[in-house]
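Participant: One structure coming up, written as structure tokens, with questions to follow.
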Amino acid sequence: MRRFFLLFILLFSLSACSSKSDRDAVLAVAVERQQALTSRDINRYLPLLSPHYQDKGRDYAVKARELTDILTSFDRIDYRSLDRRVDVRGDRATVTGSYELRVVRQGKAMELAGKEELQLRKEGGEWKIVGGL
């Protein structure tokens, strides 16, 4: 019985370590996305997306063109993610929260705020965005 208990504790602690490192890795993707948006750097943003991206009828190619158009059409983008929550379940993860976005185009500013939910999947040992943009 004692051996079973020790084995259970060991497996639980290994699982908790893995979950924390996965959670940290998912959070790092969300932070990198925020920095890519704010710097308007499409070359920094696109590697965060899975080549298998599929959401709302858009695949990777369509989403990449859309993001390129968005990032190049604004003179300035200020994006802040608030109340970020990460839920990891195996090789899938969800990042939810709210955001504040301020963009400037041709001297005109526009502000938006809302909720978002990003879907990620672990592919080849890396977390990639597969939906929710």
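By order of appearance in the structure tokens: chains A, B, ..., then residues from 1 within every chain, and ligands from 1 in the order shown.
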Using only C-alpha atoms, determine which residues lie at most 10 Å from stretch 39-50 of chain A, disregarding the query and same-chain residues fewer than 5 positions distant; provide the list as a PyMOL selection string.

Facilitator: chain A and resi 29-30+32-34+59-60+63-65+67-79+120-123+126-131+133

Participant: Report as a ChimeraX atom specification: the residues of chain A with a DSSP assignment of helix (DSSP H, G or I), based on the backbone of this structure.

Facilitator: /A:2-39,42-48,60-73

Participant: What's the separation between atom CA of A:Ala61 and atom CA of A:Arg84, in Å to one decimal place?

Facilitator: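 Atom CA of A:Arg84 lies 27.3 Å from atom CA of A:Ala61.
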